[in-house]
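Participant: Just dropping this structure here.
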Number of protein chains: 2
Amino acid sequence: MKRYNLAVIGVGAVGREILRCLRQRNFPIGNLKVFARTSRDIQVDKEVFKVETITPESFQGIDIALFAGTEGEKGAGLQWAEAAVNSGAVVVDNGADFRLREDVPLIVPEVNREKISEHKGIIANPNCTTIQMVVSLSQIYKRFGLEQIILTSFQAVSGAGRTACKVLWEETKRIVEENKDLDYLSINKKIKGYQSEVFPSQIVFNVICQIGSFKEDDFTTEEIKTVKETHKIFDDDSIKITSTCVRVPVFTSHSEAIYFRTRKKVSLEEIKEALKESEGVVYEEGPQKFFSPVDCEGKDGVFVSRLRKDPFNENSFWVWSVSDNLRKGAALNAVQIAESLVSLL
Amino acid sequence: MKRYNLAVIGVGAVGREILRCLRQRNFPIGNLKVFARTSRDIQVDKEVFKVETITPESFQGIDIALFAGTEGEKGAGLQWAEAAVNSGAVVVDNGADFRLREDVPLIVPEVNREKISEHKGIIANPNCTTIQMVVSLSQIYKRFGLEQIILTSFQAVSGAGRTACKVLWEETKRIVEENKDLDYLSINKKIKGYQSEVFPSQIVFNVICQIGSFKEDDFTTEEIKTVKETHKIFDDDSIKITSTCVRVPVFTSHSEAIYFRTRKKVSLEEIKEALKESEGVVYEEGPQKFFSPVDCEGKDGVFVSRLRKDPFNENSFWVWSVSDNLRKGAALNAVQIAESLVSLL
C-alpha cells in the first residue's frame, strides 16, 4: 500500500480533530508533520505530536497539506498555500479564503467528489454549517431538485475555536460559583458587567443571533456562506437559499432546522427513501427518536430526523439535522477529501 | 377608582409572575386570593402571599380569576373554571384547555383586544410561542397580509415549568462539579447514564427538538399550537404557517427566527415602518444591535431585531424576536387581558 507524507497546519480545535481523524481512519501516512506559528508538543488521544514552526521550507516532500483554518482571523491558507503548492503538495484548506475562487473546487465528498480532479493545487473544505446541510439534502436534490431552502441553525461554540469553548466553560463555572448558595429560582443568569472575549455577549444560558460580521442586506458572513457555498457545491445558483445562523450554548455539534421545497412533485415516502439512501446520512424515521448535539459529538455521520411534510405547501418539508461540527463539519470532511485524493493519485 | 377582587390559581413559574405583574402594574385590586392544590405561604419579591387550598367555594365574590395553567399536565382550568364562572367571575386561563373552543376568545390585547367583549365567562391566553410571534407580526399582517410564516423557535426551559428550571440548574452544577479539575478541552459534556425528570435528554449544553408530544403529521403539540392559535387570533386560517419548536438551555425568554411572506407587495422600508409602529414591539434597526434572551428577561416587550429581506423571494423577510416567555408569553398577557376587561366592565 502506498503511503503519503502529510502536513497538518494549525493545532486548534479543528487541527487536533484532523490528527484524531487521520489516526481513527488509518490514513496511509508515510511521514506526518504538524506545523503552527510556534513550536511545542501537543497531546491528542494520548499521542504526543511535535509541533514545528511553519516556514517556507516546511512543505518539502509533503504530498498533502491539510490546513485547519485559523480561528477568527484569516491567514494560514493565504500565507502558506502557495509555498505548499510550489513544493508539490496538494493543499486541502478548511479556511474560508479559497472557497469561492473559480479555480478551487469546493468539496463535500458525498456530494461532489467528482470535482476533486479539477483542482490546480488547492481544494477547499466548505463551512461547517454548509457541509451538514448539503449532505442532508444532497440525495433529495439529485432526485427531485430544490427550489427553496430556509435554514435556521443552532451552532456550537467550538465552531468559533478553542477560546470560545473556554469562554463557555468559564462563564458556566462563574455562574455556578456566584450562585451556589441560591436556589434555582433566585440565581442571576446574567453575568453583570461582563464582556466576552469572543462573543458579543455572554453565551451561557443565552443564544446569540450573530455568527461572523454583518455584510450585504444585513446578513452575516456565516449566513452568506450557507447561500454561496451551497450554490457552488450543487453547481446550481437557482436554488433560493436564505438562513438565520444562531450561536447556542453547546460545545460541539451544530443543529439545523431545514425547511425545503423540491422542484419536482414528491411524496413524503419518496423523501424518506432518499434520506435512507443518502451517503453520509444517518436517518431516523421517528418521530419519537430524534437526534441532539450531545449524542452526535465525536461521531462521523450527519444525523437527520424529524422529517415532516408541510401540510399547507406542496413539495415542502422540514428536517432536523445534527452533526459534529469539528468532524463532518471540518476535520473529517478534510480527511475524506484527502482519502478521495489519494484514490485518484 | 373601582377595585376588583382577584383570584390567582397556581403558584408555579407563571402564577408567581402573575402576582409580580399585578403589583408592578398597580392593578386596581380590592381583595386578592391565591389558590393552589395545597395551602402554604410563598414569597414573591419580598411580599408573602398566603396560598389557600382551592375548593368550589373559592370563587365567591371574585371578579376575575386568573388561572396560571398547570405545568405539564392539564387540569386546573378544566376542573375549576366552571365553578368560577358560576360564581360570577370572569376566567382568564393560561392553560391550553379552552384556547380553541369556539365560545372562548383567544386574546393578545395588542392584536385582537376587541374580541374580549365576546366572552361567555372564559377568556383564553395563548401559548407563549404564539403570543410573541403574533405581536411581532400583527401590524405587518394588518397592513400587508400574510401568506406564509415559517417559524423556528429557541425556547427557554421555564416554559416547561419550575421543575424544568431546577433540572437545568442541577445539570449545570453537576457537570461543573464532575469536571472541575479538567480543562475545557477534556470535560465530559454529556452526563453518563442520566435520565432527566422533565426532558427527553439532558438540556445543559444541548438542544432538544421536541416540545410537547407528537401528533398529526409528526408535528409536536407545541408546533401545532403555533399554527392553530395564530389562525384563531388573526381570525384567518388562510395563512400558511409551519414551525419547528426547539428547547434550548436558557432559563427565561424565548427566541424566534421568523420567516414570513406578505400578501401585498411591500418594501423593506414599509416593514420597518410597520415594526416601529407596532404596539408592544421594541424594534431595533441594527444590524449591530440585536436582542438576546438574557437581555430581555423581566422586561415587558416583544423585542424584534435583525430584519432582513430575502434577496431571492419577493415580499419575504426574516425577523429575530425575543421575549420573556413568563411575562408577555404568559403572566403579563393574562394581566393585560384583565386590564382590558376592567376597562369594559
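Chains: A, B, ... in order of the C-alpha cells. Residues: from 1 per chain. Ligands: from 1, in order shown.
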With chain A held fixed, move chain B onto it by a least-squares fit of all C-alpha atoms in order and give the output as an mmCIF file with C-alpha atoms, in the first residue's frame.
Facilitator:
data_model
loop_
_atom_site.group_PDB
_atom_site.id
_atom_site.type_symbol
_atom_site.label_atom_id
_atom_site.label_comp_id
_atom_site.auth_asym_id
_atom_site.auth_seq_id
_atom_site.Cartn_x
_atom_site.Cartn_y
_atom_site.Cartn_z
ATOM 1 C CA MET B 1 0.036 0.002 -0.017
ATOM 2 C CA LYS B 2 1.324 3.404 -1.005
ATOM 3 C CA ARG B 3 1.819 5.831 1.871
ATOM 4 C CA TYR B 4 1.685 9.610 1.748
ATOM 5 C CA ASN B 5 3.588 12.354 3.479
ATOM 6 C CA LEU B 6 1.169 14.662 5.246
ATOM 7 C CA ALA B 7 1.401 18.061 6.866
ATOM 8 C CA VAL B 8 -1.250 19.357 9.235
ATOM 9 C CA ILE B 9 -1.153 23.127 9.671
ATOM 10 C CA GLY B 10 -2.819 24.503 12.798
ATOM 11 C CA VAL B 11 -3.432 22.798 16.136
ATOM 12 C CA GLY B 12 -6.614 24.469 17.369
ATOM 13 C CA ALA B 13 -9.939 22.657 17.711
ATOM 14 C CA VAL B 14 -9.990 21.588 14.056
ATOM 15 C CA GLY B 15 -6.272 20.798 13.711
ATOM 16 C CA ARG B 16 -6.424 18.424 16.663
ATOM 17 C CA GLU B 17 -9.540 16.796 15.247
ATOM 18 C CA ILE B 18 -7.759 16.295 11.895
ATOM 19 C CA LEU B 19 -4.975 14.411 13.714
ATOM 20 C CA ARG B 20 -7.599 12.313 15.506
ATOM 21 C CA CYS B 21 -9.469 11.514 12.257
ATOM 22 C CA LEU B 22 -6.247 10.538 10.453
ATOM 23 C CA ARG B 23 -5.439 8.032 13.218
ATOM 24 C CA GLN B 24 -8.983 6.712 13.630
ATOM 25 C CA ARG B 25 -9.378 6.139 9.894
ATOM 26 C CA ASN B 26 -5.891 4.647 9.467
ATOM 27 C CA PHE B 27 -4.973 7.053 6.735
ATOM 28 C CA PRO B 28 -1.953 5.620 4.861
ATOM 29 C CA ILE B 29 0.599 8.045 6.286
ATOM 30 C CA GLY B 30 4.274 7.913 5.466
ATOM 31 C CA ASN B 31 5.707 10.930 7.261
ATOM 32 C CA LEU B 32 3.426 13.182 9.333
ATOM 33 C CA LYS B 33 4.454 16.764 10.126
ATOM 34 C CA VAL B 34 2.497 19.175 12.301
ATOM 35 C CA PHE B 35 3.043 22.920 11.900
ATOM 36 C CA ALA B 36 1.859 26.042 13.664
ATOM 37 C CA ARG B 37 3.102 29.572 14.285
ATOM 38 C CA THR B 38 5.086 28.427 17.321
ATOM 39 C CA SER B 39 6.711 25.096 18.130
ATOM 40 C CA ARG B 40 5.561 22.969 21.065
ATOM 41 C CA ASP B 41 4.344 19.486 21.933
ATOM 42 C CA ILE B 42 0.631 18.716 21.937
ATOM 43 C CA GLN B 43 -1.232 15.614 23.004
ATOM 44 C CA VAL B 44 -4.241 14.163 21.174
ATOM 45 C CA ASP B 45 -5.799 10.935 22.467
ATOM 46 C CA LYS B 46 -2.624 10.152 24.461
ATOM 47 C CA GLU B 47 -0.343 10.510 21.426
ATOM 48 C CA VAL B 48 2.177 13.342 21.605
ATOM 49 C CA PHE B 49 2.742 15.326 18.414
ATOM 50 C CA LYS B 50 5.752 17.565 17.930
ATOM 51 C CA VAL B 51 4.570 20.887 16.507
ATOM 52 C CA GLU B 52 7.143 22.714 14.395
ATOM 53 C CA THR B 53 7.205 26.375 13.476
ATOM 54 C CA ILE B 54 5.951 26.793 9.929
ATOM 55 C CA THR B 55 8.455 28.117 7.344
ATOM 56 C CA PRO B 56 8.560 28.298 3.524
ATOM 57 C CA GLU B 57 10.580 25.053 3.577
ATOM 58 C CA SER B 58 8.048 23.144 5.670
ATOM 59 C CA PHE B 59 6.353 21.582 2.650
ATOM 60 C CA GLN B 60 9.354 19.856 1.056
ATOM 61 C CA GLY B 61 8.449 16.238 0.381
ATOM 62 C CA ILE B 62 4.841 16.731 1.506
ATOM 63 C CA ASP B 63 2.135 15.116 -0.669
ATOM 64 C CA ILE B 64 -0.919 16.603 1.030
ATOM 65 C CA ALA B 65 -1.075 19.678 3.287
ATOM 66 C CA LEU B 66 -4.169 19.886 5.455
ATOM 67 C CA PHE B 67 -4.768 23.445 6.639
ATOM 68 C CA ALA B 68 -7.056 23.530 9.675
ATOM 69 C CA GLY B 69 -8.085 27.126 9.060
ATOM 70 C CA THR B 70 -7.460 29.842 11.580
ATOM 71 C CA GLU B 71 -9.736 30.707 14.449
ATOM 72 C CA GLY B 72 -11.486 33.965 13.874
ATOM 73 C CA GLU B 73 -8.886 35.520 11.576
ATOM 74 C CA LYS B 74 -7.736 34.747 8.071
ATOM 75 C CA GLY B 75 -4.176 33.887 7.281
ATOM 76 C CA ALA B 76 -2.602 30.447 7.287
ATOM 77 C CA GLY B 77 -4.075 29.369 3.969
ATOM 78 C CA LEU B 78 -3.473 32.686 2.237
ATOM 79 C CA GLN B 79 0.012 32.945 3.698
ATOM 80 C CA TRP B 80 1.301 29.419 3.079
ATOM 81 C CA ALA B 81 -0.817 27.623 0.473
ATOM 82 C CA GLU B 82 1.217 28.944 -2.455
ATOM 83 C CA ALA B 83 4.473 27.738 -0.882
ATOM 84 C CA ALA B 84 2.884 24.328 -0.306
ATOM 85 C CA VAL B 85 1.643 24.071 -3.908
ATOM 86 C CA ASN B 86 5.014 25.220 -5.260
ATOM 87 C CA SER B 87 6.652 22.443 -3.233
ATOM 88 C CA GLY B 88 4.410 19.942 -5.002
ATOM 89 C CA ALA B 89 1.837 19.379 -2.244
ATOM 90 C CA VAL B 90 -1.910 19.395 -2.765
ATOM 91 C CA VAL B 91 -3.511 21.768 -0.269
ATOM 92 C CA VAL B 92 -6.815 20.935 1.447
ATOM 93 C CA ASP B 93 -7.846 24.161 3.163
ATOM 94 C CA ASN B 94 -10.519 24.348 5.835
ATOM 95 C CA GLY B 95 -10.308 28.154 5.924
ATOM 96 C CA ALA B 96 -12.663 30.487 4.073
ATOM 97 C CA ASP B 97 -10.088 32.174 1.845
ATOM 98 C CA PHE B 98 -10.262 29.997 -1.269
ATOM 99 C CA ARG B 99 -13.760 28.551 -1.144
ATOM 100 C CA LEU B 100 -15.377 30.753 -3.746
ATOM 101 C CA ARG B 101 -12.374 31.031 -6.100
ATOM 102 C CA GLU B 102 -13.226 29.710 -9.528
ATOM 103 C CA ASP B 103 -10.079 27.615 -9.864
ATOM 104 C CA VAL B 104 -10.588 25.913 -6.481
ATOM 105 C CA PRO B 105 -13.014 22.989 -6.154
ATOM 106 C CA LEU B 106 -15.204 23.184 -3.044
ATOM 107 C CA ILE B 107 -15.700 19.599 -1.986
ATOM 108 C CA VAL B 108 -18.016 17.517 0.157
ATOM 109 C CA PRO B 109 -17.111 13.990 -0.978
ATOM 110 C CA GLU B 110 -20.633 12.556 -0.581
ATOM 111 C CA VAL B 111 -21.984 15.322 -2.796
ATOM 112 C CA ASN B 112 -19.425 16.250 -5.474
ATOM 113 C CA ARG B 113 -16.271 14.157 -5.117
ATOM 114 C CA GLU B 114 -16.025 14.024 -8.922
ATOM 115 C CA LYS B 115 -14.890 17.659 -8.892
ATOM 116 C CA ILE B 116 -11.737 16.855 -6.926
ATOM 117 C CA SER B 117 -9.836 16.049 -10.111
ATOM 118 C CA GLU B 118 -10.336 19.632 -11.340
ATOM 119 C CA HIS B 119 -8.024 21.029 -8.659
ATOM 120 C CA LYS B 120 -4.980 23.124 -9.547
ATOM 121 C CA GLY B 121 -3.167 22.546 -6.274
ATOM 122 C CA ILE B 122 -5.803 23.752 -3.826
ATOM 123 C CA ILE B 123 -9.055 22.098 -2.713
ATOM 124 C CA ALA B 124 -11.339 23.925 -0.298
ATOM 125 C CA ASN B 125 -13.357 22.471 2.553
ATOM 126 C CA PRO B 126 -16.716 24.261 2.987
ATOM 127 C CA ASN B 127 -18.026 25.936 6.112
ATOM 128 C CA CYS B 128 -19.338 23.511 8.760
ATOM 129 C CA THR B 129 -22.936 24.736 8.540
ATOM 130 C CA THR B 130 -22.964 24.300 4.776
ATOM 131 C CA ILE B 131 -21.387 20.821 4.804
ATOM 132 C CA GLN B 132 -24.022 19.435 7.133
ATOM 133 C CA MET B 133 -26.865 20.969 5.133
ATOM 134 C CA VAL B 134 -25.687 19.769 1.712
ATOM 135 C CA VAL B 135 -25.064 16.224 2.984
ATOM 136 C CA SER B 136 -28.603 16.229 4.454
ATOM 137 C CA LEU B 137 -30.155 17.425 1.184
ATOM 138 C CA SER B 138 -27.829 16.025 -1.483
ATOM 139 C CA GLN B 139 -29.791 12.916 -2.445
ATOM 140 C CA ILE B 140 -33.060 14.851 -2.327
ATOM 141 C CA TYR B 141 -31.536 17.489 -4.595
ATOM 142 C CA LYS B 142 -30.254 14.894 -7.062
ATOM 143 C CA ARG B 143 -33.616 13.140 -7.306
ATOM 144 C CA PHE B 144 -36.135 15.952 -7.075
ATOM 145 C CA GLY B 145 -34.264 19.254 -7.406
ATOM 146 C CA LEU B 146 -34.496 22.044 -4.849
ATOM 147 C CA GLU B 147 -36.391 25.249 -5.415
ATOM 148 C CA GLN B 148 -35.976 26.765 -1.952
ATOM 149 C CA ILE B 149 -34.053 26.198 1.301
ATOM 150 C CA ILE B 150 -34.841 28.129 4.498
ATOM 151 C CA LEU B 151 -32.299 27.308 7.211
ATOM 152 C CA THR B 152 -32.164 28.213 10.894
ATOM 153 C CA SER B 153 -29.014 26.968 12.609
ATOM 154 C CA PHE B 154 -28.191 26.215 16.261
ATOM 155 C CA GLN B 155 -24.382 26.395 16.234
ATOM 156 C CA ALA B 156 -21.967 25.082 18.839
ATOM 157 C CA VAL B 157 -19.288 27.344 20.298
ATOM 158 C CA SER B 158 -16.424 25.118 19.100
ATOM 159 C CA GLY B 159 -17.156 26.450 15.609
ATOM 160 C CA ALA B 160 -15.658 29.701 16.893
ATOM 161 C CA GLY B 161 -12.469 27.949 18.033
ATOM 162 C CA ARG B 162 -10.923 26.682 21.238
ATOM 163 C CA THR B 163 -11.076 30.018 23.024
ATOM 164 C CA ALA B 164 -14.831 30.044 22.528
ATOM 165 C CA CYS B 165 -15.076 26.656 24.288
ATOM 166 C CA LYS B 166 -13.016 28.058 27.135
ATOM 167 C CA VAL B 167 -15.321 31.075 27.328
ATOM 168 C CA LEU B 168 -18.474 28.924 27.629
ATOM 169 C CA TRP B 169 -16.852 26.763 30.290
ATOM 170 C CA GLU B 170 -15.522 29.729 32.307
ATOM 171 C CA GLU B 171 -18.887 31.512 32.125
ATOM 172 C CA THR B 172 -20.649 28.347 33.305
ATOM 173 C CA LYS B 173 -18.290 27.865 36.255
ATOM 174 C CA ARG B 174 -18.589 31.529 37.159
ATOM 175 C CA ILE B 175 -22.394 31.477 37.331
ATOM 176 C CA VAL B 176 -22.333 28.258 39.369
ATOM 177 C CA GLU B 177 -19.753 29.770 41.725
ATOM 178 C CA GLU B 178 -21.565 33.087 42.139
ATOM 179 C CA ASN B 179 -24.960 31.457 42.714
ATOM 180 C CA LYS B 180 -24.062 28.267 44.529
ATOM 181 C CA ASP B 181 -25.927 29.170 47.698
ATOM 182 C CA LEU B 182 -29.073 30.324 45.898
ATOM 183 C CA ASP B 183 -31.948 28.176 44.777
ATOM 184 C CA TYR B 184 -32.768 27.904 41.092
ATOM 185 C CA LEU B 185 -35.493 30.551 41.224
ATOM 186 C CA SER B 186 -33.178 33.206 42.602
ATOM 187 C CA ILE B 187 -29.999 32.768 40.587
ATOM 188 C CA ASN B 188 -28.645 35.586 38.432
ATOM 189 C CA LYS B 189 -28.289 34.077 34.990
ATOM 190 C CA LYS B 190 -26.807 37.223 33.538
ATOM 191 C CA ILE B 191 -23.179 37.945 34.402
ATOM 192 C CA LYS B 192 -23.107 41.587 35.450
ATOM 193 C CA GLY B 193 -20.648 43.965 33.802
ATOM 194 C CA TYR B 194 -19.112 41.194 31.726
ATOM 195 C CA GLN B 195 -17.536 41.442 28.291
ATOM 196 C CA SER B 196 -16.837 38.168 26.473
ATOM 197 C CA GLU B 197 -13.512 37.944 24.660
ATOM 198 C CA VAL B 198 -15.151 36.033 21.796
ATOM 199 C CA PHE B 199 -18.894 36.676 21.523
ATOM 200 C CA PRO B 200 -20.964 39.893 21.511
ATOM 201 C CA SER B 201 -22.470 38.872 24.873
ATOM 202 C CA GLN B 202 -22.425 36.003 27.362
ATOM 203 C CA ILE B 203 -23.260 32.680 25.716
ATOM 204 C CA VAL B 204 -24.095 30.531 28.741
ATOM 205 C CA PHE B 205 -27.874 30.395 29.301
ATOM 206 C CA ASN B 206 -28.248 32.552 26.195
ATOM 207 C CA VAL B 207 -28.429 32.408 22.397
ATOM 208 C CA ILE B 208 -26.790 34.924 20.060
ATOM 209 C CA CYS B 209 -28.175 35.737 16.619
ATOM 210 C CA GLN B 210 -24.848 36.701 15.080
ATOM 211 C CA ILE B 211 -22.112 34.485 13.660
ATOM 212 C CA GLY B 212 -19.400 36.334 11.779
ATOM 213 C CA SER B 213 -19.771 39.971 10.809
ATOM 214 C CA PHE B 214 -22.600 41.851 9.099
ATOM 215 C CA LYS B 215 -22.406 42.216 5.315
ATOM 216 C CA GLU B 216 -24.757 42.808 2.384
ATOM 217 C CA ASP B 217 -28.456 43.159 3.158
ATOM 218 C CA ASP B 218 -27.549 42.843 6.894
ATOM 219 C CA PHE B 219 -26.951 39.104 6.585
ATOM 220 C CA THR B 220 -23.881 37.804 8.451
ATOM 221 C CA THR B 221 -20.843 36.283 6.770
ATOM 222 C CA GLU B 222 -21.946 32.884 8.126
ATOM 223 C CA GLU B 223 -25.426 33.278 6.629
ATOM 224 C CA ILE B 224 -23.970 34.340 3.276
ATOM 225 C CA LYS B 225 -21.657 31.287 3.266
ATOM 226 C CA THR B 226 -24.646 28.952 3.501
ATOM 227 C CA VAL B 227 -26.000 30.508 0.302
ATOM 228 C CA LYS B 228 -22.888 30.944 -1.849
ATOM 229 C CA GLU B 229 -21.125 27.739 -0.842
ATOM 230 C CA THR B 230 -24.250 25.642 -1.335
ATOM 231 C CA HIS B 231 -24.737 27.156 -4.808
ATOM 232 C CA LYS B 232 -21.138 26.247 -5.681
ATOM 233 C CA ILE B 233 -21.238 22.717 -4.253
ATOM 234 C CA PHE B 234 -24.498 21.830 -6.027
ATOM 235 C CA ASP B 235 -23.264 23.834 -9.052
ATOM 236 C CA ASP B 236 -26.700 25.437 -9.181
ATOM 237 C CA ASP B 237 -27.310 29.038 -8.202
ATOM 238 C CA SER B 238 -31.012 28.857 -9.002
ATOM 239 C CA ILE B 239 -31.799 27.444 -5.542
ATOM 240 C CA LYS B 240 -33.389 30.152 -3.411
ATOM 241 C CA ILE B 241 -31.467 29.785 -0.150
ATOM 242 C CA THR B 242 -31.715 31.996 2.904
ATOM 243 C CA SER B 243 -30.678 31.444 6.510
ATOM 244 C CA THR B 244 -30.542 32.729 10.060
ATOM 245 C CA CYS B 245 -27.453 31.475 11.921
ATOM 246 C CA VAL B 246 -27.528 31.429 15.709
ATOM 247 C CA ARG B 247 -24.933 30.539 18.342
ATOM 248 C CA VAL B 248 -26.181 28.345 21.215
ATOM 249 C CA PRO B 249 -24.509 27.250 24.481
ATOM 250 C CA VAL B 250 -23.483 23.839 23.168
ATOM 251 C CA PHE B 251 -19.821 22.807 23.004
ATOM 252 C CA THR B 252 -19.888 20.577 19.938
ATOM 253 C CA SER B 253 -22.339 19.605 17.163
ATOM 254 C CA HIS B 254 -24.400 22.010 15.136
ATOM 255 C CA SER B 255 -28.147 21.518 14.749
ATOM 256 C CA GLU B 256 -30.147 22.793 11.796
ATOM 257 C CA ALA B 257 -33.872 23.245 11.256
ATOM 258 C CA ILE B 258 -34.022 22.978 7.469
ATOM 259 C CA TYR B 259 -37.184 23.789 5.508
ATOM 260 C CA PHE B 260 -37.019 22.974 1.813
ATOM 261 C CA ARG B 261 -39.187 22.796 -1.293
ATOM 262 C CA THR B 262 -38.350 20.451 -4.146
ATOM 263 C CA ARG B 263 -38.722 21.316 -7.842
ATOM 264 C CA LYS B 264 -40.410 18.042 -8.762
ATOM 265 C CA LYS B 265 -43.642 16.772 -7.257
ATOM 266 C CA VAL B 266 -42.694 14.404 -4.476
ATOM 267 C CA SER B 267 -44.331 12.413 -1.692
ATOM 268 C CA LEU B 268 -43.252 12.092 1.932
ATOM 269 C CA GLU B 269 -42.396 8.443 1.221
ATOM 270 C CA GLU B 270 -40.081 9.404 -1.619
ATOM 271 C CA ILE B 271 -38.239 11.872 0.630
ATOM 272 C CA LYS B 272 -37.884 9.144 3.304
ATOM 273 C CA GLU B 273 -36.498 6.791 0.679
ATOM 274 C CA ALA B 274 -33.993 9.415 -0.483
ATOM 275 C CA LEU B 275 -32.834 10.062 3.089
ATOM 276 C CA LYS B 276 -32.401 6.347 3.773
ATOM 277 C CA GLU B 277 -30.243 6.059 0.672
ATOM 278 C CA SER B 278 -28.194 9.227 1.298
ATOM 279 C CA GLU B 279 -24.455 8.683 1.629
ATOM 280 C CA GLY B 280 -23.150 10.024 4.940
ATOM 281 C CA VAL B 281 -26.635 10.433 6.446
ATOM 282 C CA VAL B 282 -27.917 8.533 9.471
ATOM 283 C CA TYR B 283 -31.690 8.895 9.167
ATOM 284 C CA GLU B 284 -34.134 8.170 11.958
ATOM 285 C CA GLU B 285 -37.773 7.940 10.933
ATOM 286 C CA GLY B 286 -39.087 8.812 14.390
ATOM 287 C CA PRO B 287 -40.944 10.835 15.454
ATOM 288 C CA GLN B 288 -40.135 9.570 18.964
ATOM 289 C CA LYS B 289 -36.479 9.077 18.123
ATOM 290 C CA PHE B 290 -34.591 12.166 17.028
ATOM 291 C CA PHE B 291 -31.076 13.501 17.456
ATOM 292 C CA SER B 292 -29.501 16.039 19.809
ATOM 293 C CA PRO B 293 -25.984 17.533 19.836
ATOM 294 C CA VAL B 294 -24.695 15.658 22.917
ATOM 295 C CA ASP B 295 -25.512 12.352 21.186
ATOM 296 C CA CYS B 296 -23.652 13.224 17.989
ATOM 297 C CA GLU B 297 -20.363 14.575 19.359
ATOM 298 C CA GLY B 298 -17.404 12.489 18.213
ATOM 299 C CA LYS B 299 -19.480 10.664 15.601
ATOM 300 C CA ASP B 300 -18.962 10.784 11.863
ATOM 301 C CA GLY B 301 -22.462 10.980 10.383
ATOM 302 C CA VAL B 302 -24.899 13.711 9.560
ATOM 303 C CA PHE B 303 -27.873 12.744 11.705
ATOM 304 C CA VAL B 304 -31.253 13.564 10.193
ATOM 305 C CA SER B 305 -34.590 13.173 11.962
ATOM 306 C CA ARG B 306 -37.989 14.839 12.446
ATOM 307 C CA LEU B 307 -38.903 14.772 8.761
ATOM 308 C CA ARG B 308 -42.321 16.414 8.350
ATOM 309 C CA LYS B 309 -44.355 17.465 5.350
ATOM 310 C CA ASP B 310 -45.711 21.006 5.426
ATOM 311 C CA PRO B 311 -49.489 20.446 5.176
ATOM 312 C CA PHE B 312 -50.024 23.895 3.611
ATOM 313 C CA ASN B 313 -47.409 23.847 0.852
ATOM 314 C CA GLU B 314 -46.775 21.282 -1.867
ATOM 315 C CA ASN B 315 -43.410 19.549 -2.029
ATOM 316 C CA SER B 316 -42.276 21.323 1.137
ATOM 317 C CA PHE B 317 -40.697 19.609 4.139
ATOM 318 C CA TRP B 318 -38.787 20.095 7.387
ATOM 319 C CA VAL B 319 -35.810 18.074 8.594
ATOM 320 C CA TRP B 320 -33.739 18.397 11.769
ATOM 321 C CA SER B 321 -30.059 17.773 11.040
ATOM 322 C CA VAL B 322 -27.359 17.369 13.709
ATOM 323 C CA SER B 323 -23.660 16.750 13.126
ATOM 324 C CA ASP B 324 -20.341 17.155 14.919
ATOM 325 C CA ASN B 325 -19.114 20.476 13.524
ATOM 326 C CA LEU B 326 -15.474 19.639 14.205
ATOM 327 C CA ARG B 327 -15.693 16.266 12.444
ATOM 328 C CA LYS B 328 -18.010 16.151 9.401
ATOM 329 C CA GLY B 329 -18.232 19.931 9.574
ATOM 330 C CA ALA B 330 -14.472 20.351 9.324
ATOM 331 C CA ALA B 331 -11.745 17.791 10.112
ATOM 332 C CA LEU B 332 -13.444 14.635 8.892
ATOM 333 C CA ASN B 333 -14.526 16.253 5.634
ATOM 334 C CA ALA B 334 -10.942 17.429 5.038
ATOM 335 C CA VAL B 335 -9.586 13.937 5.712
ATOM 336 C CA GLN B 336 -12.250 12.432 3.432
ATOM 337 C CA ILE B 337 -11.121 14.829 0.699
ATOM 338 C CA ALA B 338 -7.556 13.591 1.258
ATOM 339 C CA GLU B 339 -8.803 9.988 1.040
ATOM 340 C CA SER B 340 -10.603 10.679 -2.249
ATOM 341 C CA LEU B 341 -7.505 12.459 -3.490
ATOM 342 C CA VAL B 342 -5.153 9.523 -2.852
ATOM 343 C CA SER B 343 -7.598 7.206 -4.571
ATOM 344 C CA LEU B 344 -7.008 9.363 -7.687
ATOM 345 C CA LEU B 345 -3.207 9.694 -7.316
#
Participant: Taking the backbone alone, and naming residues the way the document does, which bits of stretch 207-343 of chain A are strand (DSSP E) by DSSP, as a ChimeraX atom specification?
Facilitator: /A:240-247,254-262,281-283,302-309,316-323
Participant: So that I can check the secondary structure, give me every residue of stretch 267-319 of chain A assigned helix (DSSP H, G or I) by backbone DSSP, as an mmCIF file with N, CA and C atoms, in the first residue's frame.
Facilitator:
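As a result, states_21.cif now contains:
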data_model
loop_
_atom_site.group_PDB
_atom_site.id
_atom_site.type_symbol
_atom_site.label_atom_id
_atom_site.label_comp_id
_atom_site.auth_asym_id
_atom_site.auth_seq_id
_atom_site.Cartn_x
_atom_site.Cartn_y
_atom_site.Cartn_z
ATOM 1 N N LEU A 268 -44.022 12.261 0.694
ATOM 2 C CA LEU A 268 -43.253 12.069 1.925
ATOM 3 C C LEU A 268 -42.456 10.768 1.860
ATOM 4 N N GLU A 269 -43.068 9.731 1.309
ATOM 5 C CA GLU A 269 -42.392 8.431 1.217
ATOM 6 C C GLU A 269 -41.143 8.509 0.341
ATOM 7 N N GLU A 270 -41.239 9.277 -0.730
ATOM 8 C CA GLU A 270 -40.075 9.400 -1.625
ATOM 9 C C GLU A 270 -38.932 10.162 -0.948
ATOM 10 N N ILE A 271 -39.280 11.141 -0.106
ATOM 11 C CA ILE A 271 -38.235 11.858 0.639
ATOM 12 C C ILE A 271 -37.586 10.913 1.666
ATOM 13 N N LYS A 272 -38.422 10.129 2.337
ATOM 14 C CA LYS A 272 -37.877 9.141 3.297
ATOM 15 C C LYS A 272 -36.899 8.205 2.604
ATOM 16 N N GLU A 273 -37.328 7.713 1.440
ATOM 17 C CA GLU A 273 -36.494 6.795 0.673
ATOM 18 C C GLU A 273 -35.146 7.446 0.329
ATOM 19 N N ALA A 274 -35.212 8.693 -0.116
ATOM 20 C CA ALA A 274 -33.983 9.408 -0.485
ATOM 21 C C ALA A 274 -33.071 9.568 0.729
ATOM 22 N N LEU A 275 -33.653 9.880 1.881
ATOM 23 C CA LEU A 275 -32.824 10.054 3.085
ATOM 24 C C LEU A 275 -32.177 8.737 3.499
ATOM 25 N N LYS A 276 -32.941 7.650 3.400
ATOM 26 C CA LYS A 276 -32.386 6.341 3.773
ATOM 27 C C LYS A 276 -31.219 5.964 2.862
ATOM 28 N N PRO A 293 -27.426 17.352 19.933
ATOM 29 C CA PRO A 293 -25.972 17.537 19.831
ATOM 30 C C PRO A 293 -25.149 16.622 20.743
ATOM 31 N N VAL A 294 -25.537 16.464 22.014
ATOM 32 C CA VAL A 294 -24.678 15.649 22.900
ATOM 33 C C VAL A 294 -24.568 14.203 22.436
ATOM 34 N N ASP A 295 -25.553 13.731 21.657
ATOM 35 C CA ASP A 295 -25.498 12.352 21.165
ATOM 36 C C ASP A 295 -24.606 12.205 19.938
ATOM 37 N N CYS A 296 -24.321 13.316 19.265
ATOM 38 C CA CYS A 296 -23.628 13.234 17.972
ATOM 39 C C CYS A 296 -22.154 13.621 18.064
#
